[in-house]
>>> print(open('model02.txt').read())   # compact mmCIF, C-alpha atoms
# COMPACT_ATOMS: atom_id res chain seq x y z
CA MET V 7 88.43 -6.06 -48.15
CA ARG V 8 85.52 -8.48 -48.29
CA ARG V 9 85.19 -8.45 -44.50
CA ARG V 10 84.71 -4.64 -44.43
CA SER V 11 81.98 -4.74 -47.07
CA LEU V 12 80.09 -7.45 -45.14
CA LEU V 13 80.42 -5.43 -41.94
CA GLY V 14 79.12 -2.31 -43.73
CA ALA V 15 76.21 -4.24 -45.23
CA ALA V 16 75.32 -5.67 -41.81
CA ALA V 17 75.44 -2.20 -40.22
CA ALA V 18 73.23 -0.78 -42.99
CA ALA V 19 70.73 -3.64 -42.57
CA LEU V 20 70.62 -3.10 -38.80
CA THR V 21 70.08 0.64 -39.26
CA LEU V 22 67.27 -0.01 -41.73
CA THR V 23 65.61 -2.51 -39.37
CA VAL V 24 65.75 -0.14 -36.40
CA THR V 25 64.39 2.75 -38.50
CA ALA V 26 61.51 0.61 -39.79
CA GLY V 27 60.73 -0.53 -36.25
CA LEU V 28 60.61 3.06 -34.99
CA ALA V 29 58.35 4.03 -37.88
CA LEU V 30 55.90 1.26 -36.93
CA THR V 31 55.80 2.33 -33.28
CA GLY V 32 55.88 6.08 -33.94
CA CYS V 33 54.52 8.80 -31.72
CA GLY V 34 50.94 8.42 -32.95
CA SER V 35 50.66 4.71 -32.28
CA PRO V 36 48.70 2.98 -29.51
CA ARG V 37 51.96 1.44 -28.27
CA MET V 38 53.44 4.88 -27.58
CA ALA V 39 50.11 6.10 -26.17
CA ALA V 40 50.62 3.88 -23.13
CA LEU V 41 53.53 6.11 -22.11
CA HIS V 42 51.41 9.29 -21.75
CA ALA V 43 48.60 10.42 -19.45
CA ASN V 44 45.02 10.82 -20.66
CA CYS V 45 44.05 14.17 -22.16
CA THR V 46 42.03 16.43 -19.88
CA THR V 47 39.39 18.96 -20.81
CA LYS V 48 41.47 21.74 -19.25
CA GLY V 49 44.52 21.05 -21.45
CA LEU V 50 42.57 21.03 -24.72
CA GLY V 51 41.30 23.76 -27.03
CA TRP V 52 37.82 23.10 -28.43
CA LYS V 53 36.05 24.32 -31.57
CA VAL V 54 32.61 23.47 -33.01
CA THR V 55 32.08 24.26 -36.70
CA VAL V 56 28.62 23.81 -38.22
CA LEU V 57 29.07 23.06 -41.91
CA LYS V 58 27.01 24.60 -44.68
CA LYS V 59 23.64 22.89 -45.02
CA LYS V 60 23.16 20.78 -48.11
CA PRO V 61 19.92 21.50 -50.01
CA HIS V 62 16.95 19.24 -49.12
CA ALA V 63 18.95 17.40 -46.45
CA ALA V 64 17.35 16.55 -43.11
CA GLN V 65 20.75 15.90 -41.51
CA ARG V 66 23.09 18.71 -40.57
CA GLN V 67 26.86 18.17 -40.44
CA ALA V 68 29.25 19.72 -37.94
CA ARG V 69 32.86 19.16 -36.91
CA LEU V 70 34.36 19.07 -33.42
CA SER V 71 38.05 20.03 -33.46
CA VAL V 72 40.28 19.46 -30.44
CA VAL V 73 43.84 20.82 -30.05
CA ASN V 74 46.32 19.76 -27.36
CA LYS V 75 47.32 23.05 -25.70
CA GLY V 76 49.09 21.34 -22.82
CA THR V 77 52.84 21.20 -22.32
CA ASP V 78 53.11 17.42 -22.84
CA PRO V 79 51.67 14.82 -25.22
CA CYS V 80 48.53 13.07 -24.00
CA VAL V 81 46.30 10.17 -24.99
CA PHE V 82 42.91 10.98 -26.52
CA SER V 83 41.17 7.64 -25.94
CA GLY V 84 37.50 7.33 -26.81
CA PHE V 85 34.64 9.64 -27.72
CA PRO V 86 34.50 13.09 -26.12
CA ALA V 87 31.32 14.15 -24.33
CA PHE V 88 29.24 16.63 -26.38
CA ALA V 89 25.84 18.04 -25.42
CA VAL V 90 23.62 20.94 -26.43
CA HIS V 91 21.16 22.14 -23.75
CA LEU V 92 18.12 24.39 -23.87
CA GLY V 93 18.38 25.94 -20.42
CA LYS V 94 17.06 23.44 -17.88
CA GLY V 95 14.82 21.91 -20.54
CA PRO V 96 15.59 19.38 -23.25
CA GLN V 97 19.07 18.46 -24.39
CA SER V 98 20.75 16.55 -27.20
CA ASP V 99 23.74 14.38 -26.36
CA ALA V 100 26.33 12.96 -28.72
CA ARG V 101 26.53 9.21 -29.11
CA GLY V 102 29.63 7.65 -30.63
CA HIS V 103 29.17 5.69 -33.82
CA GLY V 104 32.00 3.32 -34.73
CA ARG V 105 35.20 2.35 -32.95
CA ALA V 106 37.39 5.02 -31.39
CA LEU V 107 41.08 4.11 -31.22
CA PRO V 108 43.48 5.78 -28.77
CA ILE V 109 45.37 8.70 -30.31
CA ASP V 110 48.74 9.82 -28.96
CA LEU V 111 48.18 13.57 -29.26
CA ARG V 112 51.42 15.56 -29.35
CA ARG V 113 51.55 19.16 -28.16
CA GLY V 114 49.77 21.29 -30.77
CA GLY V 115 48.25 18.20 -32.43
CA THR V 116 44.61 18.20 -33.55
CA VAL V 117 41.86 15.61 -33.40
CA THR V 118 38.58 15.99 -35.30
CA ALA V 119 35.25 14.19 -35.02
CA GLY V 120 32.33 14.54 -37.40
CA LEU V 121 28.88 15.30 -35.95
CA ARG V 122 25.48 14.71 -37.54
CA TYR V 123 22.11 15.74 -36.20
CA ARG V 124 18.54 16.15 -37.41
CA ASP V 125 18.07 19.77 -38.39
CA CYS V 126 14.70 21.28 -37.48
CA PRO V 127 12.53 22.12 -40.49
CA LYS V 128 10.99 25.57 -40.96
CA GLY V 129 8.14 26.18 -38.53
CA TRP V 130 9.49 23.55 -36.11
CA GLN V 131 8.55 25.32 -32.85
CA MET V 132 5.06 23.84 -32.68
CA ASN V 133 5.27 20.23 -33.82
CA GLU V 134 8.57 18.73 -32.58
CA PRO V 135 8.69 16.66 -29.35
CA VAL V 136 12.42 17.38 -28.89
CA ALA V 137 13.70 20.74 -30.08
CA VAL V 138 16.98 22.13 -28.77
CA THR V 139 18.24 25.43 -30.07
CA ASN V 140 21.43 26.96 -28.76
CA ASP V 141 24.74 28.36 -29.99
CA ILE V 142 26.70 26.85 -27.10
CA ALA V 143 27.70 23.21 -26.65
CA VAL V 144 29.23 21.64 -23.55
CA VAL V 145 32.23 19.40 -24.26
CA SER V 146 34.72 17.35 -22.27
CA ALA V 147 37.58 14.95 -22.92
CA PRO V 148 36.93 11.21 -22.92
CA HIS V 149 36.89 9.74 -19.40
CA ASP V 150 37.42 13.21 -17.81
CA LYS V 151 35.29 13.66 -14.69
CA ALA V 152 36.37 17.26 -14.04
CA GLY V 153 33.36 18.78 -15.83
CA GLY V 154 32.71 20.26 -19.23
CA ARG V 155 33.64 23.41 -21.05
CA ALA V 156 31.21 25.66 -22.92
CA VAL V 157 32.12 26.18 -26.58
CA VAL V 158 30.44 28.54 -29.03
CA ALA V 159 29.22 26.95 -32.28
CA ARG V 160 30.35 28.82 -35.39
CA ASP V 161 29.81 28.50 -39.12
CA GLU V 162 32.62 27.89 -41.61
CA LYS V 163 33.36 31.63 -41.79
CA GLY V 164 33.70 31.95 -38.02
CA LYS V 165 30.36 33.65 -37.29
CA ARG V 166 28.37 32.55 -34.26
CA LEU V 167 25.62 30.12 -35.31
CA ARG V 168 22.61 28.70 -33.49
CA MET V 169 22.23 24.92 -33.75
CA ASN V 170 18.57 23.84 -34.21
CA ILE V 171 18.47 20.17 -33.24
CA CYS V 172 15.22 18.19 -33.45
CA ALA V 173 16.39 14.95 -31.86
CA ASP V 174 17.79 13.86 -28.54
CA THR V 175 20.82 12.22 -30.18
CA ILE V 176 23.73 13.74 -32.09
CA TRP V 177 25.76 11.10 -33.94
CA MET V 178 29.53 11.36 -33.58
CA ASP V 179 32.10 9.73 -35.85
CA PRO V 180 35.22 8.25 -34.23
CA PRO V 181 37.85 10.91 -33.47
CA ARG V 182 40.73 10.99 -35.94
CA GLU V 183 44.07 12.74 -35.86
CA ALA V 184 44.03 15.64 -38.32
CA ALA V 185 46.64 15.63 -41.05
CA GLU V 186 49.33 18.26 -40.79
>>> encode(input="model02.txt", output="structure tokens")
Amino acid sequence: MRRRSLLGAAAAALTLTVTAGLALTGCGSPRMAALHANCTTKGLGWKVTVLKKKPHAAQRQARLSVVNKGTDPCVFSGFPAFAVHLGKGPQSDARGHGRALPIDLRRGGTVTAGLRYRDCPKGWQMNEPVAVTNDIAVVSAPHDKAGGRAVVARDEKGKRLRMNICADTIWMDPPREAAE
């Protein structure tokens, strides 16, 4: 009788150890990310949301949301490219701020990155050395050389919104996997 209880306890301990090990190396971990290909711009859905402006704030906040629309999981490794152009004139490019870790992005999974830029004050047309105003941003996946995709900037209610950027740099927070 004692031998069966020891065997059951050993089996339960082994099951618990294997389950804990799988939890530590789950689908969203960098270890599992090595098994998948890099995400491509073509396989991703992009969305730019400009958040409501805080009173008396010179910085404007926005959010870049990326959804894996491909058939397989992929690795989102690094900062995506993000730029706002004014025709052939000036442009503002995103620069990553912080450390971006690889994210194993399952099919339908979402990654978000916060954006901050200097909002143009009223009457900005005359006195600003860099002034980019557009409602379209060009985005692409990290390390993707295939070219960018144009994405319309929208407010929190979904209405098209023109971004007025008075700087040549847009600061981007490290991409993070969105909670389900």
>>> atom_distance(input="model02.txt", atom1="CA of Ile109 (chain V)", atom2="CA of Arg182 (chain V)")
7.6 Å
>>> closest_atom_pairs(input="model02.txt", of="region 145-173 of chain V", to="region 40-58 of chain V", cutoff="8 Å", atoms="all atoms listed in the file", output="Markdown table")
| residue | atom | partner | partner_atom | distance |
| --- | --- | --- | --- | --- |
| V:Val145 | CA | V:Trp52 | CA | 7.9 |
| V:Ser146 | CA | V:Thr47 | CA | 5.2 |
| V:Ala147 | CA | V:Thr47 | CA | 4.9 |
| V:Pro148 | CA | V:Cys45 | CA | 7.7 |
| V:Asp150 | CA | V:Thr46 | CA | 6.0 |
| V:Ala152 | CA | V:Thr47 | CA | 7.6 |
| V:Gly153 | CA | V:Thr47 | CA | 7.8 |
| V:Gly154 | CA | V:Thr47 | CA | 7.0 |
| V:Arg155 | CA | V:Thr47 | CA | 7.3 |
| V:Val157 | CA | V:Lys53 | CA | 6.6 |
| V:Val158 | CA | V:Val54 | CA | 6.8 |
| V:Ala159 | CA | V:Val54 | CA | 4.9 |
| V:Arg160 | CA | V:Thr55 | CA | 5.1 |
| V:Asp161 | CA | V:Val56 | CA | 4.9 |
| V:Glu162 | CA | V:Leu57 | CA | 6.0 |
| V:Gly164 | CA | V:Thr55 | CA | 8.0 |
| V:Leu167 | CA | V:Val56 | CA | 7.6 |
| V:Met169 | CA | V:Val56 | CA | 7.9 |
>>> axis_aligned_box(input="model02.txt", around="region 152-157 of chain V", padding_each_side="6 Å", output="lines of an AutoDock Vina configuration file")
center_x = 33.8
center_y = 21.7
center_z = -20.3
size_x = 17.2
size_y = 20.9
size_z = 24.5
>>> atom_distance(input="model02.txt", atom1="CA of Gly93 (chain V)", atom2="CA of Asp141 (chain V)")
11.7 Å
>>> closest_atom_pairs(input="model02.txt", of="region 107-127 of chain V", to="region 59-66 of chain V", cutoff="7 Å", atoms="only C-alpha atoms", output="tab-separated table")
residue	atom	partner	partner_atom	distance
V:Arg122	CA	V:Arg66	CA	5.6
V:Tyr123	CA	V:Arg66	CA	5.4
V:Arg124	CA	V:Gln65	CA	4.7
V:Asp125	CA	V:Arg66	CA	5.6
>>> closest_residue(input="model02.txt", among="V:Met178, V:Ala137, V:Lys165, V:Ser71", to="Gly115 (chain V)", atoms="only C-alpha atoms")
V:Ser71
>>> closest_residue(input="model02.txt", among="V:Val138, V:Val81, V:Ala119, V:Ile171", to="Arg69 (chain V)", atoms="all atoms listed in the file")
V:Ala119
>>> residues_near_point(input="model02.txt", point="(34.1, 3.0, -29.0)", cutoff="10 Å", atoms="all atoms listed in the file", output="list in words")
Ser83, Gly84, Phe85, Arg101, Gly102, His103, Gly104, Arg105, Ala106, Leu107, Pro108, Asp179, Pro180 and Pro181 of chain V
>>> write_last_selection(input="model02.txt", atoms="C-alpha atoms", output="PDB file, in the coordinates of the input")
ATOM      1  CA  SER V  83      41.170   7.640 -25.940  1.00  0.00           C
ATOM      2  CA  GLY V  84      37.500   7.330 -26.810  1.00  0.00           C
ATOM      3  CA  PHE V  85      34.640   9.640 -27.720  1.00  0.00           C
ATOM      4  CA  ARG V 101      26.530   9.210 -29.110  1.00  0.00           C
ATOM      5  CA  GLY V 102      29.630   7.650 -30.630  1.00  0.00           C
ATOM      6  CA  HIS V 103      29.170   5.690 -33.820  1.00  0.00           C
ATOM      7  CA  GLY V 104      32.000   3.320 -34.730  1.00  0.00           C
ATOM      8  CA  ARG V 105      35.200   2.350 -32.950  1.00  0.00           C
ATOM      9  CA  ALA V 106      37.390   5.020 -31.390  1.00  0.00           C
ATOM     10  CA  LEU V 107      41.080   4.110 -31.220  1.00  0.00           C
ATOM     11  CA  PRO V 108      43.480   5.780 -28.770  1.00  0.00           C
ATOM     12  CA  ASP V 179      32.100   9.730 -35.850  1.00  0.00           C
ATOM     13  CA  PRO V 180      35.220   8.250 -34.230  1.00  0.00           C
ATOM     14  CA  PRO V 181      37.850  10.910 -33.470  1.00  0.00           C
TER      15      PRO V 181
END
>>> atom_distance(input="model02.txt", atom1="CA of Val73 (chain V)", atom2="CA of Gly120 (chain V)")
15.0 Å
>>> closest_residue(input="model02.txt", among="V:Ala68, V:Leu111, V:Cys80, V:Cys172", to="Leu92 (chain V)", atoms="all atoms listed in the file")
V:Cys172
